[in-house]
>>> print(open('protein_39.txt').read())   # compact mmCIF, N, CA and C atoms
# COMPACT_ATOMS: atom_id res chain seq x y z
N MET A 1 -0.73 -11.27 -23.65
CA MET A 1 -0.40 -9.96 -23.12
C MET A 1 -1.42 -8.92 -23.57
N ASN A 2 -2.03 -9.13 -24.72
CA ASN A 2 -3.03 -8.19 -25.21
C ASN A 2 -4.22 -8.12 -24.26
N ASP A 3 -4.64 -9.28 -23.72
CA ASP A 3 -5.74 -9.30 -22.75
C ASP A 3 -5.39 -8.46 -21.53
N ILE A 4 -4.15 -8.57 -21.09
CA ILE A 4 -3.70 -7.81 -19.92
C ILE A 4 -3.71 -6.31 -20.22
N ASN A 5 -3.17 -5.92 -21.36
CA ASN A 5 -3.17 -4.50 -21.71
C ASN A 5 -4.58 -3.96 -21.86
N ASN A 6 -5.47 -4.75 -22.45
CA ASN A 6 -6.87 -4.33 -22.58
C ASN A 6 -7.52 -4.17 -21.21
N MET A 7 -7.25 -5.10 -20.31
CA MET A 7 -7.82 -5.01 -18.97
C MET A 7 -7.27 -3.80 -18.22
N LEU A 8 -5.97 -3.55 -18.35
CA LEU A 8 -5.39 -2.37 -17.68
C LEU A 8 -6.02 -1.08 -18.21
N LEU A 9 -6.29 -1.04 -19.49
CA LEU A 9 -6.95 0.13 -20.07
C LEU A 9 -8.36 0.28 -19.49
N LYS A 10 -9.08 -0.81 -19.41
CA LYS A 10 -10.43 -0.79 -18.84
C LYS A 10 -10.40 -0.33 -17.38
N LEU A 11 -9.47 -0.86 -16.60
CA LEU A 11 -9.34 -0.49 -15.19
C LEU A 11 -8.96 0.98 -15.03
N SER A 12 -8.16 1.49 -15.95
CA SER A 12 -7.72 2.89 -15.86
C SER A 12 -8.88 3.87 -16.03
N LYS A 13 -9.98 3.40 -16.58
CA LYS A 13 -11.15 4.26 -16.77
C LYS A 13 -12.06 4.30 -15.54
N SER A 14 -11.75 3.48 -14.56
CA SER A 14 -12.49 3.48 -13.31
C SER A 14 -11.86 4.48 -12.35
N THR A 15 -12.67 5.41 -11.87
CA THR A 15 -12.15 6.40 -10.92
C THR A 15 -11.56 5.73 -9.69
N PHE A 16 -12.25 4.72 -9.18
CA PHE A 16 -11.78 4.04 -7.98
C PHE A 16 -10.49 3.26 -8.26
N ARG A 17 -10.48 2.42 -9.27
CA ARG A 17 -9.31 1.59 -9.56
C ARG A 17 -8.09 2.43 -9.94
N SER A 18 -8.31 3.52 -10.64
CA SER A 18 -7.19 4.35 -11.08
C SER A 18 -6.67 5.27 -9.97
N SER A 19 -7.31 5.24 -8.82
CA SER A 19 -6.84 6.06 -7.69
C SER A 19 -5.70 5.40 -6.93
N PHE A 20 -5.43 4.14 -7.21
CA PHE A 20 -4.36 3.43 -6.52
C PHE A 20 -3.03 3.65 -7.22
N HIS A 21 -2.01 3.95 -6.42
CA HIS A 21 -0.66 4.13 -6.95
C HIS A 21 0.33 3.64 -5.90
N LEU A 22 1.50 3.23 -6.37
CA LEU A 22 2.55 2.84 -5.44
C LEU A 22 3.09 4.08 -4.73
N ARG A 23 3.32 3.95 -3.46
CA ARG A 23 3.98 5.01 -2.68
C ARG A 23 5.48 4.87 -2.87
N LYS A 24 6.20 5.90 -2.51
CA LYS A 24 7.65 5.90 -2.72
C LYS A 24 8.31 4.71 -2.01
N TYR A 25 7.91 4.42 -0.78
CA TYR A 25 8.54 3.30 -0.06
C TYR A 25 8.27 1.97 -0.76
N MET A 26 7.16 1.86 -1.48
CA MET A 26 6.87 0.64 -2.23
C MET A 26 7.75 0.55 -3.48
N VAL A 27 7.96 1.68 -4.13
CA VAL A 27 8.87 1.71 -5.27
C VAL A 27 10.28 1.34 -4.81
N ASP A 28 10.68 1.88 -3.69
CA ASP A 28 12.00 1.54 -3.13
C ASP A 28 12.08 0.04 -2.82
N TYR A 29 11.00 -0.51 -2.29
CA TYR A 29 10.95 -1.94 -1.98
C TYR A 29 11.14 -2.78 -3.25
N VAL A 30 10.42 -2.42 -4.31
CA VAL A 30 10.54 -3.16 -5.57
C VAL A 30 11.96 -3.03 -6.11
N ASN A 31 12.54 -1.85 -6.04
CA ASN A 31 13.91 -1.66 -6.51
C ASN A 31 14.90 -2.47 -5.69
N GLU A 32 14.67 -2.56 -4.40
CA GLU A 32 15.57 -3.32 -3.51
C GLU A 32 15.42 -4.84 -3.70
N LYS A 33 14.19 -5.33 -3.75
CA LYS A 33 13.94 -6.78 -3.82
C LYS A 33 14.00 -7.32 -5.24
N GLY A 34 13.61 -6.48 -6.20
CA GLY A 34 13.58 -6.93 -7.59
C GLY A 34 12.20 -7.48 -7.97
N MET A 35 11.91 -7.41 -9.26
CA MET A 35 10.60 -7.84 -9.76
C MET A 35 10.38 -9.34 -9.58
N ASP A 36 11.42 -10.15 -9.68
CA ASP A 36 11.24 -11.60 -9.51
C ASP A 36 10.76 -11.94 -8.11
N LYS A 37 11.33 -11.28 -7.11
CA LYS A 37 10.93 -11.52 -5.72
C LYS A 37 9.49 -11.03 -5.49
N VAL A 38 9.16 -9.87 -6.04
CA VAL A 38 7.81 -9.34 -5.90
C VAL A 38 6.81 -10.27 -6.60
N LYS A 39 7.19 -10.82 -7.75
CA LYS A 39 6.32 -11.76 -8.45
C LYS A 39 6.12 -13.03 -7.61
N SER A 40 7.16 -13.47 -6.94
CA SER A 40 7.05 -14.62 -6.05
C SER A 40 6.06 -14.32 -4.92
N HIS A 41 6.15 -13.12 -4.37
CA HIS A 41 5.20 -12.71 -3.33
C HIS A 41 3.78 -12.70 -3.89
N ALA A 42 3.62 -12.19 -5.11
CA ALA A 42 2.28 -12.14 -5.73
C ALA A 42 1.69 -13.55 -5.83
N TYR A 43 2.49 -14.50 -6.31
CA TYR A 43 1.99 -15.88 -6.38
C TYR A 43 1.58 -16.38 -5.00
N ASP A 44 2.41 -16.12 -3.99
CA ASP A 44 2.10 -16.56 -2.63
C ASP A 44 0.79 -15.96 -2.13
N PHE A 45 0.63 -14.63 -2.30
CA PHE A 45 -0.57 -13.96 -1.82
C PHE A 45 -1.82 -14.45 -2.54
N ILE A 46 -1.73 -14.61 -3.86
CA ILE A 46 -2.91 -15.05 -4.62
C ILE A 46 -3.27 -16.49 -4.26
N LYS A 47 -2.28 -17.36 -4.21
CA LYS A 47 -2.57 -18.76 -3.88
C LYS A 47 -3.15 -18.91 -2.48
N LYS A 48 -2.67 -18.12 -1.54
CA LYS A 48 -3.13 -18.25 -0.16
C LYS A 48 -4.47 -17.54 0.08
N ASN A 49 -4.63 -16.33 -0.47
CA ASN A 49 -5.76 -15.49 -0.07
C ASN A 49 -6.88 -15.35 -1.10
N ILE A 50 -6.62 -15.68 -2.35
CA ILE A 50 -7.63 -15.47 -3.39
C ILE A 50 -8.03 -16.78 -4.07
N ALA A 51 -7.08 -17.67 -4.28
CA ALA A 51 -7.32 -18.88 -5.07
C ALA A 51 -8.25 -19.92 -4.42
N PRO A 52 -8.31 -20.03 -3.11
CA PRO A 52 -9.18 -21.07 -2.54
C PRO A 52 -10.64 -20.93 -2.97
N LYS A 53 -11.33 -22.05 -2.93
CA LYS A 53 -12.75 -22.08 -3.31
C LYS A 53 -13.56 -21.05 -2.53
N ASN A 54 -13.33 -21.00 -1.25
CA ASN A 54 -14.00 -20.03 -0.37
C ASN A 54 -12.94 -19.35 0.50
N PRO A 55 -12.31 -18.29 -0.03
CA PRO A 55 -11.23 -17.64 0.71
C PRO A 55 -11.68 -17.11 2.08
N LYS A 56 -10.80 -17.22 3.05
CA LYS A 56 -11.07 -16.72 4.39
C LYS A 56 -11.23 -15.19 4.33
N ASN A 57 -12.25 -14.68 4.98
CA ASN A 57 -12.52 -13.24 5.04
C ASN A 57 -12.65 -12.61 3.65
N ASP A 58 -13.26 -13.33 2.72
CA ASP A 58 -13.36 -12.81 1.35
C ASP A 58 -14.04 -11.45 1.35
N GLY A 59 -13.43 -10.52 0.65
CA GLY A 59 -13.91 -9.15 0.60
C GLY A 59 -13.15 -8.23 1.54
N ARG A 60 -12.39 -8.83 2.46
CA ARG A 60 -11.62 -8.06 3.43
C ARG A 60 -10.20 -8.60 3.59
N GLN A 61 -9.78 -9.52 2.72
CA GLN A 61 -8.51 -10.20 2.94
C GLN A 61 -7.29 -9.46 2.40
N THR A 62 -7.50 -8.44 1.59
CA THR A 62 -6.36 -7.75 0.98
C THR A 62 -6.17 -6.38 1.62
N PRO A 63 -5.05 -6.19 2.31
CA PRO A 63 -4.79 -4.88 2.94
C PRO A 63 -4.69 -3.76 1.91
N LEU A 64 -4.86 -2.55 2.36
CA LEU A 64 -4.78 -1.38 1.49
C LEU A 64 -3.43 -0.67 1.57
N LYS A 65 -2.46 -1.31 2.23
CA LYS A 65 -1.13 -0.69 2.36
C LYS A 65 -0.08 -1.75 2.63
N ASN A 66 1.16 -1.32 2.70
CA ASN A 66 2.32 -2.10 3.14
C ASN A 66 3.05 -2.91 2.07
N HIS A 67 2.41 -3.34 1.01
CA HIS A 67 3.12 -4.13 0.00
C HIS A 67 2.61 -3.74 -1.39
N PRO A 68 3.53 -3.62 -2.36
CA PRO A 68 3.11 -3.22 -3.71
C PRO A 68 2.08 -4.18 -4.34
N VAL A 69 2.17 -5.46 -4.02
CA VAL A 69 1.21 -6.41 -4.58
C VAL A 69 -0.20 -6.12 -4.06
N PHE A 70 -0.33 -5.73 -2.81
CA PHE A 70 -1.66 -5.43 -2.26
C PHE A 70 -2.29 -4.25 -3.01
N ILE A 71 -1.49 -3.23 -3.28
CA ILE A 71 -2.00 -2.06 -4.00
C ILE A 71 -2.38 -2.47 -5.42
N ALA A 72 -1.54 -3.28 -6.04
CA ALA A 72 -1.84 -3.77 -7.39
C ALA A 72 -3.13 -4.58 -7.40
N GLN A 73 -3.35 -5.38 -6.38
CA GLN A 73 -4.57 -6.18 -6.32
C GLN A 73 -5.82 -5.29 -6.32
N HIS A 74 -5.78 -4.20 -5.59
CA HIS A 74 -6.92 -3.29 -5.57
C HIS A 74 -7.03 -2.54 -6.90
N ALA A 75 -5.92 -2.08 -7.43
CA ALA A 75 -5.93 -1.35 -8.69
C ALA A 75 -6.43 -2.22 -9.84
N CYS A 76 -6.16 -3.52 -9.76
CA CYS A 76 -6.50 -4.45 -10.85
C CYS A 76 -7.75 -5.27 -10.57
N ALA A 77 -8.45 -4.95 -9.48
CA ALA A 77 -9.68 -5.66 -9.12
C ALA A 77 -9.43 -7.16 -8.93
N CYS A 78 -8.32 -7.47 -8.28
CA CYS A 78 -7.96 -8.85 -7.96
C CYS A 78 -7.83 -9.02 -6.45
N CYS A 79 -8.57 -8.23 -5.71
CA CYS A 79 -8.45 -8.18 -4.26
C CYS A 79 -9.37 -9.16 -3.55
N CYS A 80 -10.44 -9.58 -4.22
CA CYS A 80 -11.38 -10.52 -3.62
C CYS A 80 -12.14 -11.23 -4.75
N ARG A 81 -12.88 -12.23 -4.38
CA ARG A 81 -13.59 -13.01 -5.40
C ARG A 81 -14.75 -12.22 -6.03
N ASN A 82 -15.35 -11.29 -5.29
CA ASN A 82 -16.40 -10.45 -5.88
C ASN A 82 -15.83 -9.59 -7.01
N CYS A 83 -14.68 -8.99 -6.78
CA CYS A 83 -14.05 -8.15 -7.80
C CYS A 83 -13.57 -8.99 -8.99
N LEU A 84 -13.07 -10.17 -8.70
CA LEU A 84 -12.65 -11.06 -9.80
C LEU A 84 -13.84 -11.43 -10.68
N LEU A 85 -14.99 -11.66 -10.06
CA LEU A 85 -16.19 -11.98 -10.83
C LEU A 85 -16.64 -10.78 -11.65
N LYS A 86 -16.76 -9.63 -11.00
CA LYS A 86 -17.27 -8.42 -11.66
C LYS A 86 -16.38 -7.97 -12.82
N TRP A 87 -15.06 -7.93 -12.60
CA TRP A 87 -14.15 -7.35 -13.58
C TRP A 87 -13.55 -8.37 -14.55
N HIS A 88 -13.36 -9.59 -14.08
CA HIS A 88 -12.63 -10.58 -14.89
C HIS A 88 -13.46 -11.79 -15.27
N GLY A 89 -14.68 -11.87 -14.75
CA GLY A 89 -15.55 -12.99 -15.07
C GLY A 89 -15.09 -14.31 -14.48
N ILE A 90 -14.30 -14.25 -13.41
CA ILE A 90 -13.81 -15.47 -12.75
C ILE A 90 -14.80 -15.84 -11.66
N LYS A 91 -15.40 -17.00 -11.80
CA LYS A 91 -16.48 -17.43 -10.92
C LYS A 91 -16.03 -17.64 -9.48
N LYS A 92 -16.97 -17.35 -8.57
CA LYS A 92 -16.77 -17.61 -7.15
C LYS A 92 -17.11 -19.07 -6.85
N GLY A 93 -16.67 -19.55 -5.69
CA GLY A 93 -17.04 -20.89 -5.24
C GLY A 93 -16.29 -22.01 -5.94
N VAL A 94 -15.27 -21.65 -6.72
CA VAL A 94 -14.45 -22.63 -7.43
C VAL A 94 -12.99 -22.24 -7.20
N GLU A 95 -12.17 -23.21 -6.85
CA GLU A 95 -10.75 -22.90 -6.67
C GLU A 95 -10.14 -22.45 -7.99
N LEU A 96 -9.31 -21.41 -7.93
CA LEU A 96 -8.66 -20.92 -9.14
C LEU A 96 -7.67 -21.96 -9.67
N ASP A 97 -7.63 -22.10 -10.99
CA ASP A 97 -6.66 -23.02 -11.58
C ASP A 97 -5.36 -22.27 -11.90
N ASP A 98 -4.35 -23.01 -12.33
CA ASP A 98 -3.04 -22.41 -12.59
C ASP A 98 -3.10 -21.32 -13.65
N LYS A 99 -3.91 -21.52 -14.68
CA LYS A 99 -4.03 -20.53 -15.74
C LYS A 99 -4.61 -19.22 -15.21
N GLN A 100 -5.61 -19.31 -14.36
CA GLN A 100 -6.22 -18.12 -13.76
C GLN A 100 -5.24 -17.41 -12.82
N ILE A 101 -4.52 -18.19 -12.04
CA ILE A 101 -3.53 -17.62 -11.13
C ILE A 101 -2.44 -16.91 -11.93
N ASP A 102 -1.97 -17.55 -13.00
CA ASP A 102 -0.95 -16.92 -13.86
C ASP A 102 -1.47 -15.61 -14.46
N TYR A 103 -2.71 -15.61 -14.92
CA TYR A 103 -3.31 -14.40 -15.49
C TYR A 103 -3.31 -13.28 -14.45
N ILE A 104 -3.77 -13.58 -13.25
CA ILE A 104 -3.85 -12.56 -12.19
C ILE A 104 -2.46 -12.03 -11.86
N VAL A 105 -1.51 -12.93 -11.65
CA VAL A 105 -0.16 -12.49 -11.29
C VAL A 105 0.47 -11.68 -12.42
N ASN A 106 0.29 -12.10 -13.65
CA ASN A 106 0.86 -11.34 -14.77
C ASN A 106 0.21 -9.96 -14.89
N LEU A 107 -1.09 -9.88 -14.62
CA LEU A 107 -1.77 -8.59 -14.62
C LEU A 107 -1.21 -7.68 -13.52
N LEU A 108 -1.07 -8.23 -12.32
CA LEU A 108 -0.52 -7.45 -11.20
C LEU A 108 0.89 -6.96 -11.51
N MET A 109 1.70 -7.84 -12.07
CA MET A 109 3.09 -7.48 -12.35
C MET A 109 3.19 -6.43 -13.45
N LYS A 110 2.33 -6.51 -14.44
CA LYS A 110 2.31 -5.49 -15.50
C LYS A 110 1.90 -4.14 -14.91
N TRP A 111 0.93 -4.15 -14.02
CA TRP A 111 0.52 -2.91 -13.37
C TRP A 111 1.68 -2.33 -12.56
N ILE A 112 2.35 -3.18 -11.79
CA ILE A 112 3.50 -2.72 -10.99
C ILE A 112 4.60 -2.19 -11.92
N GLU A 113 4.88 -2.90 -12.99
CA GLU A 113 5.89 -2.45 -13.96
C GLU A 113 5.53 -1.06 -14.50
N ASN A 114 4.26 -0.87 -14.85
CA ASN A 114 3.82 0.44 -15.35
C ASN A 114 3.97 1.52 -14.28
N GLU A 115 3.64 1.18 -13.05
CA GLU A 115 3.81 2.14 -11.95
C GLU A 115 5.28 2.50 -11.74
N MET A 116 6.14 1.53 -11.88
CA MET A 116 7.58 1.77 -11.70
C MET A 116 8.11 2.73 -12.77
N LYS A 117 7.51 2.70 -13.94
CA LYS A 117 7.91 3.60 -15.03
C LYS A 117 7.31 4.99 -14.87
N SER A 118 6.23 5.06 -14.12
CA SER A 118 5.53 6.33 -13.90
C SER A 118 6.31 7.18 -12.91
N ASN A 119 6.12 8.46 -12.99
CA ASN A 119 6.77 9.33 -11.99
C ASN A 119 5.75 10.04 -11.12
N HIS A 120 4.54 9.48 -11.01
CA HIS A 120 3.49 10.13 -10.23
C HIS A 120 3.91 10.35 -8.78
N PHE A 121 4.71 9.44 -8.20
CA PHE A 121 5.09 9.59 -6.81
C PHE A 121 6.05 10.75 -6.64
N ASN A 122 6.81 11.10 -7.68
CA ASN A 122 7.68 12.28 -7.62
C ASN A 122 6.85 13.55 -7.49
N LYS A 123 5.69 13.57 -8.13
CA LYS A 123 4.79 14.72 -8.02
C LYS A 123 4.31 14.88 -6.58
N TRP A 124 4.00 13.77 -5.91
CA TRP A 124 3.58 13.83 -4.51
C TRP A 124 4.70 14.37 -3.64
N LEU A 125 5.92 13.91 -3.90
CA LEU A 125 7.05 14.37 -3.10
C LEU A 125 7.23 15.88 -3.24
N LEU A 126 7.14 16.37 -4.45
CA LEU A 126 7.28 17.81 -4.69
C LEU A 126 6.16 18.59 -4.02
N PHE A 127 4.95 18.03 -4.04
CA PHE A 127 3.80 18.67 -3.44
C PHE A 127 3.97 18.84 -1.94
N TYR A 128 4.56 17.85 -1.29
CA TYR A 128 4.69 17.86 0.16
C TYR A 128 6.03 18.39 0.67
N MET A 129 6.86 18.85 -0.20
CA MET A 129 8.17 19.38 0.25
C MET A 129 8.08 20.85 0.53
>>> encode(input="protein_39.txt", output="structure tokens")
Amino acid sequence: MNDINNMLLKLSKSTFRSSFHLRKYMVDYVNEKGMDKVKSHAYDFIKKNIAPKNPKNDGRQTPLKNHPVFIAQHACACCCRNCLLKWHGIKKGVELDDKQIDYIVNLLMKWIENEMKSNHFNKWLLFYM
């Protein structure tokens, strides 16, 4: 867990990575479905779109909206194999193993958990009301 906390701290210092936040409808989704279901989705998305040796549409496979895991992937630099190489040192051209997949999913879930504790989206609501 220390590696995850250290990585989240490193990512928080990036202007681009720290610009991603869950929207209210995503927070509502997590509250409705629960963290276990969202974690299951994270495993599915990573195994299908990131883990293959040569992911389809690599660099463009992770949407920028609609699901909390997608936002977490961008915030945590787990959105494509280039970002995984640059930020996490995970090599391209090799299928991800279970340990790497677990690391990525645990990182994403910790980021989502931190976002759920944050009240930044309440500030947006007040701003637009």
>>> residues_around(input="protein_39.txt", residues="range 62-74 of chain A", least_positions_apart="4", cutoff="6 Å", atoms="only C-alpha atoms", output="MDAnalysis selection string")
chainID A and resid 26 42 78:79 108
>>> atom_distance(input="protein_39.txt", atom1="CA of Asn2 in chain A", atom2="CA of Glu95 in chain A")
24.9 Å
>>> closest_residue(input="protein_39.txt", among="A:Ser18, A:Asn106, A:Asn54, A:Gln61", to="Lys91 in chain A", atoms="only C-alpha atoms")
A:Asn54
>>> atom_distance(input="protein_39.txt", atom1="atom C of Phe16 in chain A", atom2="CA of Gly93 in chain A")
25.2 Å
>>> closest_residue(input="protein_39.txt", among="A:Ile46, A:Cys80, A:Leu96, A:Ala75", to="Asp58 in chain A", atoms="all atoms listed in the file")
A:Cys80
>>> build_atoms(input="protein_39.txt", residues="range 56-67 of chain A", atoms="all heavy atoms", output="short mmCIF file (atom, residue, chain, number, x, y, z; two decimals), in the coordinates of the input")
data_model
loop_
_atom_site.label_atom_id
_atom_site.label_comp_id
_atom_site.auth_asym_id
_atom_site.auth_seq_id
_atom_site.Cartn_x
_atom_site.Cartn_y
_atom_site.Cartn_z
N LYS A 56 -10.80 -17.22 3.05
CA LYS A 56 -11.07 -16.72 4.39
C LYS A 56 -11.23 -15.19 4.33
O LYS A 56 -10.45 -14.51 3.69
CB LYS A 56 -9.91 -17.09 5.31
CG LYS A 56 -10.11 -16.69 6.75
CD LYS A 56 -8.94 -17.12 7.60
CE LYS A 56 -9.13 -16.66 9.03
NZ LYS A 56 -7.94 -16.91 9.84
N ASN A 57 -12.25 -14.68 4.98
CA ASN A 57 -12.52 -13.24 5.04
C ASN A 57 -12.65 -12.61 3.65
O ASN A 57 -12.22 -11.47 3.44
CB ASN A 57 -11.44 -12.51 5.83
CG ASN A 57 -11.37 -12.95 7.27
OD1 ASN A 57 -12.39 -13.16 7.92
ND2 ASN A 57 -10.16 -13.12 7.77
N ASP A 58 -13.26 -13.33 2.72
CA ASP A 58 -13.36 -12.81 1.35
C ASP A 58 -14.04 -11.45 1.35
O ASP A 58 -15.07 -11.25 1.99
CB ASP A 58 -14.12 -13.78 0.46
CG ASP A 58 -13.95 -13.47 -1.02
OD1 ASP A 58 -12.88 -12.92 -1.39
OD2 ASP A 58 -14.85 -13.76 -1.80
N GLY A 59 -13.43 -10.52 0.65
CA GLY A 59 -13.91 -9.15 0.60
C GLY A 59 -13.15 -8.23 1.54
O GLY A 59 -13.23 -7.02 1.44
N ARG A 60 -12.39 -8.83 2.46
CA ARG A 60 -11.62 -8.06 3.43
C ARG A 60 -10.20 -8.60 3.59
O ARG A 60 -9.49 -8.19 4.50
CB ARG A 60 -12.32 -8.05 4.78
CG ARG A 60 -13.68 -7.38 4.78
CD ARG A 60 -14.33 -7.35 6.15
NE ARG A 60 -14.31 -8.63 6.86
CZ ARG A 60 -15.19 -9.60 6.71
NH1 ARG A 60 -16.18 -9.48 5.86
NH2 ARG A 60 -15.10 -10.70 7.43
N GLN A 61 -9.78 -9.52 2.72
CA GLN A 61 -8.51 -10.20 2.94
C GLN A 61 -7.29 -9.46 2.40
O GLN A 61 -6.18 -9.80 2.74
CB GLN A 61 -8.55 -11.63 2.37
CG GLN A 61 -8.52 -11.72 0.85
CD GLN A 61 -9.88 -11.78 0.23
OE1 GLN A 61 -10.75 -11.01 0.58
NE2 GLN A 61 -10.08 -12.68 -0.71
N THR A 62 -7.50 -8.44 1.59
CA THR A 62 -6.36 -7.75 0.98
C THR A 62 -6.17 -6.38 1.62
O THR A 62 -7.04 -5.50 1.48
CB THR A 62 -6.57 -7.59 -0.54
OG1 THR A 62 -6.81 -8.88 -1.11
CG2 THR A 62 -5.35 -6.97 -1.20
N PRO A 63 -5.05 -6.19 2.31
CA PRO A 63 -4.79 -4.88 2.94
C PRO A 63 -4.69 -3.76 1.91
O PRO A 63 -4.43 -4.01 0.72
CB PRO A 63 -3.44 -5.09 3.64
CG PRO A 63 -3.28 -6.56 3.77
CD PRO A 63 -4.00 -7.16 2.60
N LEU A 64 -4.86 -2.55 2.36
CA LEU A 64 -4.78 -1.38 1.49
C LEU A 64 -3.43 -0.67 1.57
O LEU A 64 -3.28 0.44 1.07
CB LEU A 64 -5.89 -0.38 1.86
CG LEU A 64 -7.28 -0.80 1.41
CD1 LEU A 64 -8.35 -0.04 2.17
CD2 LEU A 64 -7.43 -0.61 -0.08
N LYS A 65 -2.46 -1.31 2.23
CA LYS A 65 -1.13 -0.69 2.36
C LYS A 65 -0.08 -1.75 2.63
O LYS A 65 -0.40 -2.94 2.73
CB LYS A 65 -1.14 0.36 3.48
CG LYS A 65 -1.51 -0.20 4.84
CD LYS A 65 -1.58 0.89 5.88
CE LYS A 65 -2.01 0.30 7.22
NZ LYS A 65 -2.07 1.29 8.27
N ASN A 66 1.16 -1.32 2.70
CA ASN A 66 2.32 -2.10 3.14
C ASN A 66 3.05 -2.91 2.07
O ASN A 66 4.22 -3.18 2.24
CB ASN A 66 2.00 -3.02 4.32
CG ASN A 66 1.62 -2.24 5.55
OD1 ASN A 66 2.03 -1.10 5.72
ND2 ASN A 66 0.84 -2.85 6.41
N HIS A 67 2.41 -3.34 1.01
CA HIS A 67 3.12 -4.13 0.00
C HIS A 67 2.61 -3.74 -1.39
O HIS A 67 1.41 -3.58 -1.58
CB HIS A 67 2.89 -5.63 0.23
CG HIS A 67 3.90 -6.49 -0.44
ND1 HIS A 67 3.91 -6.70 -1.81
CD2 HIS A 67 4.96 -7.18 0.04
CE1 HIS A 67 4.92 -7.49 -2.12
NE2 HIS A 67 5.57 -7.79 -1.01
#
